[in-house]
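Asker: Pasting data_11.pdb below, which is PDB, C-alpha atoms and all ligand atoms.
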ATOM      1  CA  MET T   1       0.000   0.000   0.000
ATOM      2  CA  ALA T   2       2.590   2.563   1.076
ATOM      3  CA  MET T   3       4.815   1.548  -1.835
ATOM      4  CA  ASN T   4       1.885   2.039  -4.149
ATOM      5  CA  LEU T   5       1.373   5.570  -2.814
ATOM      6  CA  ILE T   6       5.052   6.399  -3.334
ATOM      7  CA  ASN T   7       4.780   5.260  -6.944
ATOM      8  CA  LYS T   8       1.585   7.192  -7.542
ATOM      9  CA  ILE T   9       2.901  10.417  -6.014
ATOM     10  CA  ASN T  10       6.219  10.124  -7.839
ATOM     11  CA  ASN T  11       4.407   9.462 -11.080
ATOM     12  CA  VAL T  12       2.307  12.641 -10.735
ATOM     13  CA  LYS T  13       5.391  14.656  -9.731
ATOM     14  CA  SER T  14       7.378  13.386 -12.683
ATOM     15  CA  ARG T  15       4.568  14.182 -15.123
ATOM     16  CA  ILE T  16       4.468  17.701 -13.678
ATOM     17  CA  LYS T  17       8.244  18.035 -14.122
ATOM     18  CA  LYS T  18       8.210  16.702 -17.670
ATOM     19  CA  THR T  19       5.326  18.926 -18.674
ATOM     20  CA  ALA T  20       6.955  21.972 -17.094
ATOM     21  CA  ALA T  21      10.221  21.237 -18.915
ATOM     22  CA  SER T  22       8.416  20.771 -22.230
ATOM     23  CA  CYS T  23       6.976  24.265 -22.041
ATOM     24  CA  GLY T  24      10.006  26.006 -20.567
ATOM     25  CA  ARG T  25       8.717  26.409 -17.032
ATOM     26  CA  GLY T  26      10.705  25.703 -13.890
ATOM     27  CA  HIS T  27       8.955  23.001 -11.875
ATOM     28  CA  GLU T  28       9.950  24.629  -8.540
ATOM     29  CA  SER T  29       7.039  27.046  -8.861
ATOM     30  CA  ILE T  30       4.521  24.211  -9.252
ATOM     31  CA  HIS T  31       3.177  22.531  -6.135
ATOM     32  CA  LEU T  32       1.309  19.272  -5.968
ATOM     33  CA  VAL T  33      -1.628  19.535  -3.577
ATOM     34  CA  VAL T  34      -2.554  15.975  -2.672
ATOM     35  CA  VAL T  35      -6.330  15.966  -2.244
ATOM     36  CA  SER T  36      -7.153  13.734   0.710
ATOM     37  CA  LYS T  37     -10.899  14.274   1.201
ATOM     38  CA  THR T  38     -12.676  11.108   2.412
ATOM     39  CA  LYS T  39      -9.321   9.420   3.091
ATOM     40  CA  SER T  40      -8.440   8.379   6.655
ATOM     41  CA  ALA T  41      -5.784  10.097   8.750
ATOM     42  CA  GLN T  42      -3.725   6.923   8.419
ATOM     43  CA  MET T  43      -3.879   7.092   4.619
ATOM     44  CA  VAL T  44      -2.917  10.746   4.714
ATOM     45  CA  GLU T  45      -0.009   9.875   7.002
ATOM     46  CA  GLU T  46       1.154   7.306   4.471
ATOM     47  CA  ALA T  47       0.915   9.929   1.739
ATOM     48  CA  ILE T  48       3.014  12.313   3.841
ATOM     49  CA  ASN T  49       5.597   9.592   4.359
ATOM     50  CA  ALA T  50       5.480   9.012   0.616
ATOM     51  CA  GLY T  51       6.441  12.641  -0.027
ATOM     52  CA  ALA T  52       3.211  14.691   0.105
ATOM     53  CA  LYS T  53       4.008  18.183   1.425
ATOM     54  CA  ASP T  54       0.730  19.940   0.591
ATOM     55  CA  LEU T  55      -2.630  18.394   1.470
ATOM     56  CA  GLY T  56      -6.031  19.517   0.212
ATOM     57  CA  GLU T  57      -9.251  19.050   2.196
ATOM     58  CA  ASN T  58     -12.874  19.924   1.362
ATOM     59  CA  TYR T  59     -14.771  19.596   4.632
ATOM     60  CA  ILE T  60     -13.951  21.460   7.845
ATOM     61  CA  GLN T  61     -15.049  18.797  10.335
ATOM     62  CA  GLU T  62     -13.299  15.995   8.506
ATOM     63  CA  ALA T  63     -10.139  18.061   8.098
ATOM     64  CA  ASP T  64     -10.120  19.159  11.744
ATOM     65  CA  LYS T  65      -9.658  15.581  12.960
ATOM     66  CA  LYS T  66      -6.951  14.752  10.445
ATOM     67  CA  ILE T  67      -4.995  17.967  10.892
ATOM     68  CA  LYS T  68      -4.981  17.508  14.669
ATOM     69  CA  ALA T  69      -3.980  13.847  14.363
ATOM     70  CA  LEU T  70      -1.118  14.735  12.015
ATOM     71  CA  SER T  71       0.029  17.958  13.670
ATOM     72  CA  GLN T  72       3.589  16.650  14.117
ATOM     73  CA  TYR T  73       4.192  16.784  10.363
ATOM     74  CA  PRO T  74       5.535  19.978   8.772
ATOM     75  CA  VAL T  75       3.071  19.979   5.876
ATOM     76  CA  SER T  76       0.810  22.694   4.479
ATOM     77  CA  TRP T  77      -2.956  22.310   4.596
ATOM     78  CA  HIS T  78      -5.110  23.735   1.818
ATOM     79  CA  PHE T  79      -8.849  24.290   2.054
ATOM     80  CA  ILE T  80     -10.357  23.618  -1.369
ATOM     81  CA  GLY T  81     -14.042  23.029  -0.570
ATOM     82  CA  HIS T  82     -16.962  25.399  -0.441
ATOM     83  CA  LEU T  83     -16.597  27.502   2.688
ATOM     84  CA  GLN T  84     -19.613  28.657   4.655
ATOM     85  CA  LYS T  85     -19.320  31.874   6.628
ATOM     86  CA  ASN T  86     -20.118  30.127   9.889
ATOM     87  CA  LYS T  87     -17.070  27.866   9.422
ATOM     88  CA  ALA T  88     -14.669  30.737   8.722
ATOM     89  CA  LYS T  89     -13.297  30.645  12.246
ATOM     90  CA  TYR T  90     -12.239  27.005  11.908
ATOM     91  CA  ALA T  91     -10.826  27.496   8.438
ATOM     92  CA  VAL T  92      -8.540  30.242   9.789
ATOM     93  CA  LYS T  93      -7.419  27.997  12.649
ATOM     94  CA  LEU T  94      -6.667  25.024  10.446
ATOM     95  CA  PHE T  95      -5.490  26.087   7.008
ATOM     96  CA  ASP T  96      -2.377  27.670   5.530
ATOM     97  CA  LEU T  97      -4.137  28.586   2.288
ATOM     98  CA  ILE T  98      -7.875  28.906   1.615
ATOM     99  CA  HIS T  99      -8.504  28.498  -2.126
ATOM    100  CA  THR T 100     -12.202  29.277  -2.274
ATOM    101  CA  VAL T 101     -12.939  32.875  -1.272
ATOM    102  CA  ASP T 102     -15.609  34.255  -3.586
ATOM    103  CA  LYS T 103     -17.639  36.756  -1.541
ATOM    104  CA  ILE T 104     -16.871  39.893   0.435
ATOM    105  CA  LYS T 105     -18.979  38.677   3.379
ATOM    106  CA  LEU T 106     -16.889  35.526   3.641
ATOM    107  CA  ALA T 107     -13.687  37.561   3.355
ATOM    108  CA  LEU T 108     -14.829  39.910   6.138
ATOM    109  CA  GLU T 109     -15.507  36.952   8.395
ATOM    110  CA  LEU T 110     -12.117  35.375   7.638
ATOM    111  CA  ASP T 111     -10.390  38.708   8.255
ATOM    112  CA  LYS T 112     -12.153  39.109  11.581
ATOM    113  CA  HIS T 113     -11.034  35.714  12.843
ATOM    114  CA  ALA T 114      -7.522  36.123  11.458
ATOM    115  CA  LYS T 115      -7.227  39.413  13.340
ATOM    116  CA  LYS T 116      -8.361  37.745  16.579
ATOM    117  CA  THR T 117      -5.640  35.132  16.325
ATOM    118  CA  GLY T 118      -2.983  37.517  15.036
ATOM    119  CA  LYS T 119      -2.672  35.673  11.752
ATOM    120  CA  ILE T 120      -2.304  36.898   8.194
ATOM    121  CA  GLN T 121      -4.492  34.407   6.339
ATOM    122  CA  ASN T 122      -3.384  33.526   2.830
ATOM    123  CA  ILE T 123      -6.270  33.159   0.402
ATOM    124  CA  LEU T 124      -7.057  32.621  -3.264
ATOM    125  CA  ILE T 125     -10.041  34.066  -5.079
ATOM    126  CA  GLN T 126     -12.223  31.385  -6.639
ATOM    127  CA  VAL T 127     -13.467  32.405 -10.074
ATOM    128  CA  ASN T 128     -16.437  30.786 -11.800
ATOM    129  CA  ILE T 129     -14.489  30.643 -15.026
ATOM    130  CA  GLY T 130     -17.021  28.461 -16.860
ATOM    131  CA  LYS T 131     -19.952  30.743 -15.981
ATOM    132  CA  GLU T 132     -21.777  27.720 -14.567
ATOM    133  CA  THR T 133     -24.978  28.602 -12.737
ATOM    134  CA  LEU T 134     -24.573  26.104  -9.893
ATOM    135  CA  LYS T 135     -20.839  26.513  -9.316
ATOM    136  CA  SER T 136     -19.194  28.615  -6.614
ATOM    137  CA  GLY T 137     -16.808  31.383  -7.517
ATOM    138  CA  VAL T 138     -17.012  35.068  -8.339
ATOM    139  CA  ASP T 139     -17.966  35.933 -11.914
ATOM    140  CA  GLU T 140     -14.969  36.825 -14.022
ATOM    141  CA  LYS T 141     -16.289  40.338 -14.597
ATOM    142  CA  ASP T 142     -16.660  40.952 -10.844
ATOM    143  CA  ALA T 143     -13.299  39.510  -9.788
ATOM    144  CA  GLU T 144     -11.386  42.786  -9.953
ATOM    145  CA  ASN T 145     -13.886  44.600  -7.749
ATOM    146  CA  LEU T 146     -13.950  41.808  -5.192
ATOM    147  CA  ILE T 147     -10.146  41.807  -5.066
ATOM    148  CA  LYS T 148     -10.104  45.585  -4.595
ATOM    149  CA  GLU T 149     -12.520  45.304  -1.676
ATOM    150  CA  ILE T 150     -10.581  42.469  -0.064
ATOM    151  CA  SER T 151      -7.279  44.305  -0.533
ATOM    152  CA  HIS T 152      -8.327  46.673   2.274
ATOM    153  CA  LEU T 153      -8.624  43.827   4.789
ATOM    154  CA  ARG T 154      -5.371  43.866   6.740
ATOM    155  CA  ASN T 155      -5.404  40.267   7.928
ATOM    156  CA  LEU T 156      -5.951  38.649   4.544
ATOM    157  CA  SER T 157      -3.320  38.252   1.853
ATOM    158  CA  ILE T 158      -4.544  37.448  -1.655
ATOM    159  CA  LYS T 159      -2.033  35.129  -3.312
ATOM    160  CA  GLY T 160      -3.793  34.304  -6.553
ATOM    161  CA  LEU T 161      -6.787  32.756  -8.306
ATOM    162  CA  MET T 162      -8.439  29.355  -8.283
ATOM    163  CA  ALA T 163     -10.937  27.737 -10.638
ATOM    164  CA  ILE T 164     -12.749  24.469 -11.229
ATOM    165  CA  PRO T 165     -13.637  24.459 -14.947
ATOM    166  CA  PRO T 166     -16.492  22.354 -16.301
ATOM    167  CA  TYR T 167     -15.612  18.671 -16.585
ATOM    168  CA  PHE T 168     -14.812  17.165 -19.978
ATOM    169  CA  ASP T 169     -13.647  13.618 -20.703
ATOM    170  CA  ASP T 170     -11.253  15.179 -23.178
ATOM    171  CA  PRO T 171      -8.915  17.326 -21.037
ATOM    172  CA  GLU T 172      -7.916  19.442 -24.052
ATOM    173  CA  LYS T 173     -11.352  21.025 -23.786
ATOM    174  CA  THR T 174     -10.466  22.562 -20.416
ATOM    175  CA  ARG T 175      -7.496  24.429 -21.906
ATOM    176  CA  PRO T 176      -9.461  27.605 -22.823
ATOM    177  CA  TYR T 177     -10.688  27.885 -19.220
ATOM    178  CA  PHE T 178      -7.161  27.616 -17.836
ATOM    179  CA  LYS T 179      -6.007  30.214 -20.353
ATOM    180  CA  ALA T 180      -8.848  32.500 -19.273
ATOM    181  CA  LEU T 181      -7.805  32.255 -15.615
ATOM    182  CA  PHE T 182      -4.181  32.981 -16.547
ATOM    183  CA  ASP T 183      -5.265  36.015 -18.582
ATOM    184  CA  LEU T 184      -7.409  37.276 -15.711
ATOM    185  CA  LYS T 185      -4.414  37.050 -13.358
ATOM    186  CA  THR T 186      -2.296  39.032 -15.845
ATOM    187  CA  LEU T 187      -5.029  41.636 -16.267
ATOM    188  CA  ILE T 188      -5.497  42.141 -12.533
ATOM    189  CA  ASN T 189      -1.746  42.395 -11.912
ATOM    190  CA  LYS T 190      -1.597  45.131 -14.566
ATOM    191  CA  LYS T 191      -4.075  47.189 -12.535
ATOM    192  CA  THR T 192      -1.470  47.460  -9.752
ATOM    193  CA  ILE T 193      -3.991  47.376  -6.937
ATOM    194  CA  PRO T 194      -2.173  48.353  -3.699
ATOM    195  CA  ASN T 195      -1.260  45.272  -1.615
ATOM    196  CA  VAL T 196      -2.205  42.888  -4.418
ATOM    197  CA  PHE T 197       0.116  40.797  -6.520
ATOM    198  CA  LEU T 198      -1.294  37.537  -7.799
ATOM    199  CA  SER T 199       1.375  34.869  -8.185
ATOM    200  CA  GLU T 200      -0.560  31.629  -7.713
ATOM    201  CA  LEU T 201      -2.970  29.836 -10.016
ATOM    202  CA  SER T 202      -4.760  26.873  -8.450
ATOM    203  CA  MET T 203      -5.983  24.835 -11.387
ATOM    204  CA  GLY T 204      -5.796  21.282 -12.693
ATOM    205  CA  MET T 205      -7.102  18.009 -11.252
ATOM    206  CA  THR T 206      -6.467  14.326 -12.029
ATOM    207  CA  ASN T 207      -7.986  14.482 -15.493
ATOM    208  CA  ASP T 208      -6.337  17.667 -16.720
ATOM    209  CA  TYR T 209      -3.392  18.702 -14.547
ATOM    210  CA  THR T 210      -0.789  18.473 -17.317
ATOM    211  CA  ILE T 211      -2.842  20.866 -19.459
ATOM    212  CA  ALA T 212      -3.142  23.170 -16.435
ATOM    213  CA  VAL T 213       0.648  23.116 -15.983
ATOM    214  CA  GLU T 214       1.075  24.041 -19.639
ATOM    215  CA  GLU T 215      -1.245  26.997 -19.046
ATOM    216  CA  GLY T 216       0.537  28.310 -15.957
ATOM    217  CA  SER T 217      -0.826  26.432 -12.941
ATOM    218  CA  THR T 218       1.232  26.738  -9.743
ATOM    219  CA  LEU T 219      -1.012  24.549  -7.570
ATOM    220  CA  VAL T 220      -2.400  21.351  -9.045
ATOM    221  CA  ARG T 221      -5.003  19.604  -6.903
ATOM    222  CA  VAL T 222      -4.819  15.848  -7.434
ATOM    223  CA  GLY T 223      -6.784  13.175  -5.573
ATOM    224  CA  THR T 224      -7.896  10.255  -7.725
ATOM    225  CA  ALA T 225      -4.544   9.746  -9.499
ATOM    226  CA  ILE T 226      -2.964   9.212  -6.065
ATOM    227  CA  PHE T 227      -5.564   7.545  -3.857
ATOM    228  CA  GLY T 228      -7.737   5.915  -6.517
ATOM    229  CA  LYS T 229     -11.457   6.474  -6.961
ATOM    230  CA  ARG T 230     -13.369   7.880  -4.005
ATOM    231  CA  ASP T 231     -16.386   5.940  -2.663
TER     232      ASP T 231
HETATM  233  C1  LIG V 301     -11.934  16.565  -5.079
HETATM  234  C2  LIG V 301     -11.289  17.778  -5.634
HETATM  235  C3  LIG V 301     -10.089  17.691  -6.358
HETATM  236  C4  LIG V 301      -9.422  16.384  -6.721
HETATM  237  O1  LIG V 301     -10.024  15.840  -7.837
HETATM  238  P1  LIG V 301      -9.466  14.508  -8.549
HETATM  239  O2  LIG V 301     -10.183  14.467  -9.821
HETATM  240  O3  LIG V 301      -9.771  13.377  -7.631
HETATM  241  O4  LIG V 301      -8.005  14.702  -8.727
HETATM  242  C5  LIG V 301      -9.512  18.882  -6.806
HETATM  243  N1  LIG V 301     -10.066  20.081  -6.550
HETATM  244  C6  LIG V 301     -11.213  20.199  -5.862
HETATM  245  C7  LIG V 301     -11.785  21.557  -5.623
HETATM  246  C8  LIG V 301     -11.870  19.051  -5.392
HETATM  247  O5  LIG V 301     -13.031  19.182  -4.733
END
Just give me the structure of the file as structure tokens.
Ligand SMILES: *Cc1c(COP(=O)(O)O)cnc(C)c1O
Answerer:
Amino acid sequence: MAMNLINKINNVKSRIKKTAASCGRGHESIHLVVVSKTKSAQMVEEAINAGAKDLGENYIQEADKKIKALSQYPVSWHFIGHLQKNKAKYAVKLFDLIHTVDKIKLALELDKHAKKTGKIQNILIQVNIGKETLKSGVDEKDAENLIKEISHLRNLSIKGLMAIPPYFDDPEKTRPYFKALFDLKTLINKKTIPNVFLSELSMGMTNDYTIAVEEGSTLVRVGTAIFGKRD
């Protein structure tokens, strides 16, 4: 089992490296976030021992148990699920980077709790890049305004953008969405908003992470390719 995880993680890492090399990117700027939702603390521990340094979780309660059980490991925890305002306090306590901030009210709540604990909370802005009615994320056209508003909150630091494009069996079809997120990052950086420089792009999952790397991803979020199918 553990050997299997080492192979799987190394395989994803080496595909990231190869892809980065093939398009002239340094792989040091690309981080593999191992998505461990629904997996036991023991499985996550095995993944850490197999070389996982960044872990992604979707549910606060589930993550709380695992993060506490594995607190001796010097890994980074990423929140990648939908975050409700009433869980903001726990998200600030538990996570190094919150990928899914898409509303000013949520940002205000995160800022409030970060201030209480004397933390500068790193966040990403989730963009609904596919304009899907049921998906979380700020609309592309509203992203700049949201970022401007959040830039005034002293205990939040906006590191970049995140998106979950529509799913296609053919990963090539996600390429335009990754390009759009990259272009939005470039556009917003050109506006030179005080306190804002976007360096991170959280995009790419099991089915399409090599395409995402080609299009500038710095955080690929991979679960299935490492742990197998979720129940
Ligand atoms: C579950 C999840 C992933 C991992 O997806 P896989 O296809 O299993 O790699 C990535 N990002 C988010 C936001 C997720 O919820």
Asker: Taking all atoms listed in the file into account, which residues are within 9 Å of ligand LIG 301 (chain V), as a PyMOL selection string?
Answerer: chain T and resi 33-37+56-58+79-82+99-100+162-164+202-209+220-230
Asker: Please dump the current selection as an mmCIF file, in the frame of the given file; keep C-alpha atoms.
Answerer:
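out_30.cif, written as the output of this step:
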data_model
loop_
_atom_site.group_PDB
_atom_site.id
_atom_site.type_symbol
_atom_site.label_atom_id
_atom_site.label_comp_id
_atom_site.auth_asym_id
_atom_site.auth_seq_id
_atom_site.Cartn_x
_atom_site.Cartn_y
_atom_site.Cartn_z
ATOM 1 C CA VAL T 33 -1.628 19.535 -3.577
ATOM 2 C CA VAL T 34 -2.554 15.975 -2.672
ATOM 3 C CA VAL T 35 -6.330 15.966 -2.244
ATOM 4 C CA SER T 36 -7.153 13.734 0.710
ATOM 5 C CA LYS T 37 -10.899 14.274 1.201
ATOM 6 C CA GLY T 56 -6.031 19.517 0.212
ATOM 7 C CA GLU T 57 -9.251 19.050 2.196
ATOM 8 C CA ASN T 58 -12.874 19.924 1.362
ATOM 9 C CA PHE T 79 -8.849 24.290 2.054
ATOM 10 C CA ILE T 80 -10.357 23.618 -1.369
ATOM 11 C CA GLY T 81 -14.042 23.029 -0.570
ATOM 12 C CA HIS T 82 -16.962 25.399 -0.441
ATOM 13 C CA HIS T 99 -8.504 28.498 -2.126
ATOM 14 C CA THR T 100 -12.202 29.277 -2.274
ATOM 15 C CA MET T 162 -8.439 29.355 -8.283
ATOM 16 C CA ALA T 163 -10.937 27.737 -10.638
ATOM 17 C CA ILE T 164 -12.749 24.469 -11.229
ATOM 18 C CA SER T 202 -4.760 26.873 -8.450
ATOM 19 C CA MET T 203 -5.983 24.835 -11.387
ATOM 20 C CA GLY T 204 -5.796 21.282 -12.693
ATOM 21 C CA MET T 205 -7.102 18.009 -11.252
ATOM 22 C CA THR T 206 -6.467 14.326 -12.029
ATOM 23 C CA ASN T 207 -7.986 14.482 -15.493
ATOM 24 C CA ASP T 208 -6.337 17.667 -16.720
ATOM 25 C CA TYR T 209 -3.392 18.702 -14.547
ATOM 26 C CA VAL T 220 -2.400 21.351 -9.045
ATOM 27 C CA ARG T 221 -5.003 19.604 -6.903
ATOM 28 C CA VAL T 222 -4.819 15.848 -7.434
ATOM 29 C CA GLY T 223 -6.784 13.175 -5.573
ATOM 30 C CA THR T 224 -7.896 10.255 -7.725
ATOM 31 C CA ALA T 225 -4.544 9.746 -9.499
ATOM 32 C CA ILE T 226 -2.964 9.212 -6.065
ATOM 33 C CA PHE T 227 -5.564 7.545 -3.857
ATOM 34 C CA GLY T 228 -7.737 5.915 -6.517
ATOM 35 C CA LYS T 229 -11.457 6.474 -6.961
ATOM 36 C CA ARG T 230 -13.369 7.880 -4.005
#
Asker: Report, in Å to a single decimal, how far apart CA of Ala212 (chain T) and CA of Glu28 (chain T) are.
Answerer: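 Between these atoms lies a distance of 15.4 Å.
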Asker: Quote the spacing between CA of Leu156 (chain T) and CA of Trp77 (chain T) in Å to one decimal place.
Answerer: 16.6 Å
Asker: Need the shell around region 182-186 of chain T: protein/DNA/RNA residues with any atom at most 12 Å away, counting all atoms listed in the file. Skip same-chain ones fewer than 2 positions apart. Format as a VMD selection string?
Answerer: chain T and resid 124 to 129 139 to 144 147 158 to 163 175 to 180 188 to 192 196 to 203 212 to 218
Asker: How would you write, as a PDB file with C-alpha atoms, keeping the file's coordinate frame, the residues chosen by the PyMOL selection byres (((chain T and resi 60) around 10) and not hetatm) on this structure?
Answerer:
ATOM      1  CA  GLU T  57      -9.251  19.050   2.196  1.00  0.00           C
ATOM      2  CA  ASN T  58     -12.874  19.924   1.362  1.00  0.00           C
ATOM      3  CA  TYR T  59     -14.771  19.596   4.632  1.00  0.00           C
ATOM      4  CA  GLN T  61     -15.049  18.797  10.335  1.00  0.00           C
ATOM      5  CA  GLU T  62     -13.299  15.995   8.506  1.00  0.00           C
ATOM      6  CA  ALA T  63     -10.139  18.061   8.098  1.00  0.00           C
ATOM      7  CA  ASP T  64     -10.120  19.159  11.744  1.00  0.00           C
ATOM      8  CA  LYS T  65      -9.658  15.581  12.960  1.00  0.00           C
ATOM      9  CA  PHE T  79      -8.849  24.290   2.054  1.00  0.00           C
ATOM     10  CA  GLY T  81     -14.042  23.029  -0.570  1.00  0.00           C
ATOM     11  CA  HIS T  82     -16.962  25.399  -0.441  1.00  0.00           C
ATOM     12  CA  LEU T  83     -16.597  27.502   2.688  1.00  0.00           C
ATOM     13  CA  GLN T  84     -19.613  28.657   4.655  1.00  0.00           C
ATOM     14  CA  LYS T  87     -17.070  27.866   9.422  1.00  0.00           C
ATOM     15  CA  ALA T  88     -14.669  30.737   8.722  1.00  0.00           C
ATOM     16  CA  TYR T  90     -12.239  27.005  11.908  1.00  0.00           C
ATOM     17  CA  ALA T  91     -10.826  27.496   8.438  1.00  0.00           C
ATOM     18  CA  LEU T  94      -6.667  25.024  10.446  1.00  0.00           C
ATOM     19  CA  PHE T  95      -5.490  26.087   7.008  1.00  0.00           C
TER      20      PHE T  95
END
Asker: Report the distance between CA of Leu153 (chain T) and CA of Glu109 (chain T) in Å, rounded to one decimal place.
Answerer: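 Between CA of Leu153 (chain T) and CA of Glu109 (chain T) the gap is 10.4 Å.
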Asker: Between T:Ile16, T:Ile211, T:Ile9, T:Leu106, which residue has the minimum interatomic distance to Thr174 (chain T), considering only C-alpha atoms?
Answerer: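 That would be T:Ile211, the residue with the smallest distance to Thr174 (chain T).
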Asker: Show me the residues around (-7.2, 36.0, 13.5) - criterion: an atom at most 12 Å away, all atoms listed in the file counted - as a ChimeraX atom specification.
Answerer: /T:88-95,108-122,153-156
Asker: Starting from the displayed file, determine the output of the PyMOL selection byres (((chain T and resi 76) around 7) and not hetatm) and express the residue list as a list in words.
Answerer: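 Residues picked by the PyMOL selection byres (((chain T and resi 76) around 7) and not hetatm): Lys53, Asp54, Leu55, Pro74, Val75, Trp77, His78 and Asp96 of chain T.
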Asker: Given the choices T:Glu46, T:Lys17, T:Cys23, T:Leu219, which gets closest to Tyr73 (chain T) if the distance is worked out from all atoms listed in the file?
Answerer: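 Answer, going by the shortest atom-to-atom distance: T:Glu46.
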Asker: List the residues sitting within 9 Å of (-0.4, 7.0, -1.9) in the file's frame, using only C-alpha atoms, as a ChimeraX atom specification.
Answerer: /T:1-9,43-44,46-48,50,52,226-228
Asker: Considering only C-alpha atoms, state which residue in the set T:Lys131, T:Ile123, T:Ser29, T:Asp231 is at the smallest distance from Leu97 (chain T).
Answerer: T:Ile123
Asker: Smallest atom-to-atom distance to Ile150 (chain T): which of T:Lys103, T:Arg25, T:Lys66, T:Lys85, using all atoms listed in the file?
Answerer: T:Lys103
Asker: Taking into account only C-alpha atoms, which residue in the set T:Glu132, T:Glu45, T:Glu172, T:Glu149 is nearest to Thr210 (chain T)?
Answerer: T:Glu172
